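Worksheet: the structure to be examined is printed underneath.
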Amino acid sequence: MSIIPDRLSVSDPDYDPDLGALLEIALDGVVQSAVIGYDLCGCKIVRYATDEKDTIIVREGNAQIETVSGEVTVTIRNNARSQA
């Protein structure tokens with residue numbers, strides 16, 4: 001049994017930040033940053049939009065959010081495995 005849920009979002013009422021911190025989310029094999037949600041079955045991630053320096057884009061005081069589709073994989077971070 002896996003502790004990795006099929007979908008997860010920071011806006012879920014039962015979101016567990018400890019679990020979220022353990023997860024590494026990749027899209028089409030590329031590890032993503034600033035992810036705030038994912039759906040394995042829906043093949044999408046929701047993340048803060050970032051610029052070329054990986055800085056979150058803010059417009060009119062609001063962080064910009066984007067939904068991106070592709071092959072989503074979620075694993076436990078390597079450094080989390082060694083600390084467990």
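We label chains A, B, ... in the order they appear in the structure tokens, count residues from 1 in each chain, and number ligands from 1 in the order shown.
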
List the spatial neighbours of Val10 (chain A) as a PDB file with N, CA and C atoms, in the first residue's frame - criterion: any atom at most 12 Å away, only C-alpha atoms, same-chain residues fewer than 6 positions off excluded.
```pdb
ATOM      1  N   ASP A  16      -2.282  17.292   4.142  1.00  0.00           N
ATOM      2  CA  ASP A  16      -1.280  17.015   5.167  1.00  0.00           C
ATOM      3  C   ASP A  16       0.052  17.613   4.714  1.00  0.00           C
ATOM      4  N   PRO A  17       0.484  18.739   5.288  1.00  0.00           N
ATOM      5  CA  PRO A  17       1.732  19.364   4.847  1.00  0.00           C
ATOM      6  C   PRO A  17       2.959  18.488   5.079  1.00  0.00           C
ATOM      7  N   ASP A  18       2.913  17.618   6.078  1.00  0.00           N
ATOM      8  CA  ASP A  18       4.038  16.710   6.297  1.00  0.00           C
ATOM      9  C   ASP A  18       4.174  15.729   5.137  1.00  0.00           C
ATOM     10  N   LEU A  19       3.060  15.212   4.656  1.00  0.00           N
ATOM     11  CA  LEU A  19       3.085  14.325   3.493  1.00  0.00           C
ATOM     12  C   LEU A  19       3.511  15.107   2.254  1.00  0.00           C
ATOM     13  N   GLY A  20       2.945  16.285   2.058  1.00  0.00           N
ATOM     14  CA  GLY A  20       3.289  17.104   0.901  1.00  0.00           C
ATOM     15  C   GLY A  20       4.778  17.386   0.811  1.00  0.00           C
ATOM     16  N   ALA A  21       5.416  17.608   1.947  1.00  0.00           N
ATOM     17  CA  ALA A  21       6.849  17.897   1.971  1.00  0.00           C
ATOM     18  C   ALA A  21       7.692  16.693   1.560  1.00  0.00           C
ATOM     19  N   ALA A  34       7.348  24.483  -7.158  1.00  0.00           N
ATOM     20  CA  ALA A  34       6.179  25.327  -6.904  1.00  0.00           C
ATOM     21  C   ALA A  34       4.855  24.623  -7.203  1.00  0.00           C
ATOM     22  N   VAL A  35       4.825  23.299  -7.054  1.00  0.00           N
ATOM     23  CA  VAL A  35       3.594  22.531  -7.292  1.00  0.00           C
ATOM     24  C   VAL A  35       2.667  22.696  -6.092  1.00  0.00           C
ATOM     25  N   ILE A  36       1.408  22.999  -6.380  1.00  0.00           N
ATOM     26  CA  ILE A  36       0.425  23.139  -5.302  1.00  0.00           C
ATOM     27  C   ILE A  36      -0.692  22.109  -5.419  1.00  0.00           C
ATOM     28  N   GLY A  37      -0.614  21.269  -6.454  1.00  0.00           N
ATOM     29  CA  GLY A  37      -1.592  20.204  -6.611  1.00  0.00           C
ATOM     30  C   GLY A  37      -1.238  19.315  -7.783  1.00  0.00           C
ATOM     31  N   TYR A  38      -1.720  18.084  -7.718  1.00  0.00           N
ATOM     32  CA  TYR A  38      -1.524  17.162  -8.840  1.00  0.00           C
ATOM     33  C   TYR A  38      -2.674  16.181  -8.893  1.00  0.00           C
ATOM     34  N   ILE A  45      -0.788  18.805 -13.345  1.00  0.00           N
ATOM     35  CA  ILE A  45      -0.332  19.418 -12.109  1.00  0.00           C
ATOM     36  C   ILE A  45      -0.787  20.872 -12.112  1.00  0.00           C
ATOM     37  N   VAL A  46      -0.954  21.410 -10.927  1.00  0.00           N
ATOM     38  CA  VAL A  46      -1.240  22.827 -10.750  1.00  0.00           C
ATOM     39  C   VAL A  46      -0.039  23.377  -9.990  1.00  0.00           C
ATOM     40  N   ARG A  47       0.504  24.473 -10.500  1.00  0.00           N
ATOM     41  CA  ARG A  47       1.705  25.033  -9.887  1.00  0.00           C
ATOM     42  C   ARG A  47       1.677  26.550 -10.000  1.00  0.00           C
ATOM     43  N   TYR A  48       2.496  27.176  -9.167  1.00  0.00           N
ATOM     44  CA  TYR A  48       2.704  28.610  -9.322  1.00  0.00           C
ATOM     45  C   TYR A  48       3.526  28.814 -10.580  1.00  0.00           C
TER      46      TYR A  48
END
```

Strand (DSSP E or B) per DSSP on the backbone: members of chain A, as an MDAnalysis selection string: chainID A and resid 7:9 23:27 30:31 35:39 44:48 50 56 58:59 62:63 65:69 72:76

Keeping only C-alpha atoms, write the selected residues to a file as a PDB file, in the first residue's frame.
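Below is the file result27.pdb, written as the result:
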```pdb
ATOM      1  CA  ARG A   7      -4.449  13.389  -6.209  1.00  0.00           C
ATOM      2  CA  LEU A   8      -3.434  16.039  -3.732  1.00  0.00           C
ATOM      3  CA  SER A   9      -3.871  19.795  -3.424  1.00  0.00           C
ATOM      4  CA  LEU A  23       6.643  14.197  -2.290  1.00  0.00           C
ATOM      5  CA  GLU A  24       8.575  14.892  -5.475  1.00  0.00           C
ATOM      6  CA  ILE A  25       6.335  15.607  -8.457  1.00  0.00           C
ATOM      7  CA  ALA A  26       7.550  15.245 -12.027  1.00  0.00           C
ATOM      8  CA  LEU A  27       5.882  16.132 -15.313  1.00  0.00           C
ATOM      9  CA  VAL A  30      11.139  16.583 -15.211  1.00  0.00           C
ATOM     10  CA  VAL A  31      10.912  17.353 -11.485  1.00  0.00           C
ATOM     11  CA  VAL A  35       3.594  22.531  -7.292  1.00  0.00           C
ATOM     12  CA  ILE A  36       0.425  23.139  -5.302  1.00  0.00           C
ATOM     13  CA  GLY A  37      -1.592  20.204  -6.611  1.00  0.00           C
ATOM     14  CA  TYR A  38      -1.524  17.162  -8.840  1.00  0.00           C
ATOM     15  CA  ASP A  39      -3.869  14.565 -10.272  1.00  0.00           C
ATOM     16  CA  LYS A  44      -2.089  17.308 -14.682  1.00  0.00           C
ATOM     17  CA  ILE A  45      -0.332  19.418 -12.109  1.00  0.00           C
ATOM     18  CA  VAL A  46      -1.240  22.827 -10.750  1.00  0.00           C
ATOM     19  CA  ARG A  47       1.705  25.033  -9.887  1.00  0.00           C
ATOM     20  CA  TYR A  48       2.704  28.610  -9.322  1.00  0.00           C
ATOM     21  CA  THR A  50       7.626  30.912 -12.478  1.00  0.00           C
ATOM     22  CA  ILE A  56       7.104  32.881  -8.695  1.00  0.00           C
ATOM     23  CA  VAL A  58       3.150  37.865  -9.053  1.00  0.00           C
ATOM     24  CA  ARG A  59       0.712  40.192 -10.813  1.00  0.00           C
ATOM     25  CA  ASN A  62      -1.493  37.634  -6.717  1.00  0.00           C
ATOM     26  CA  ALA A  63       0.785  34.694  -7.411  1.00  0.00           C
ATOM     27  CA  ILE A  65      -1.196  29.772 -11.106  1.00  0.00           C
ATOM     28  CA  GLU A  66      -1.010  27.485 -14.119  1.00  0.00           C
ATOM     29  CA  THR A  67      -2.297  24.007 -14.908  1.00  0.00           C
ATOM     30  CA  VAL A  68       0.003  21.834 -17.001  1.00  0.00           C
ATOM     31  CA  SER A  69      -0.815  18.441 -18.537  1.00  0.00           C
ATOM     32  CA  VAL A  72       2.639  12.926 -13.905  1.00  0.00           C
ATOM     33  CA  THR A  73       4.759  10.842 -11.546  1.00  0.00           C
ATOM     34  CA  VAL A  74       4.952  11.248  -7.794  1.00  0.00           C
ATOM     35  CA  THR A  75       7.634   9.684  -5.609  1.00  0.00           C
ATOM     36  CA  ILE A  76       8.990  10.074  -2.112  1.00  0.00           C
TER      37      ILE A  76
END
```

Residue set, region 7-84 of chain A restricted to helix (DSSP H, G or I), as JSON, numbers by chain: {"A": [17, 18, 19, 20, 21, 22, 78, 79, 80, 81, 82, 83]}

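Proximity of A:Gly61, A:Gly29, A:Gly42, A:Gly70 to Asp6 (chain A), computed with only C-alpha atoms, is greatest for A:Gly42.
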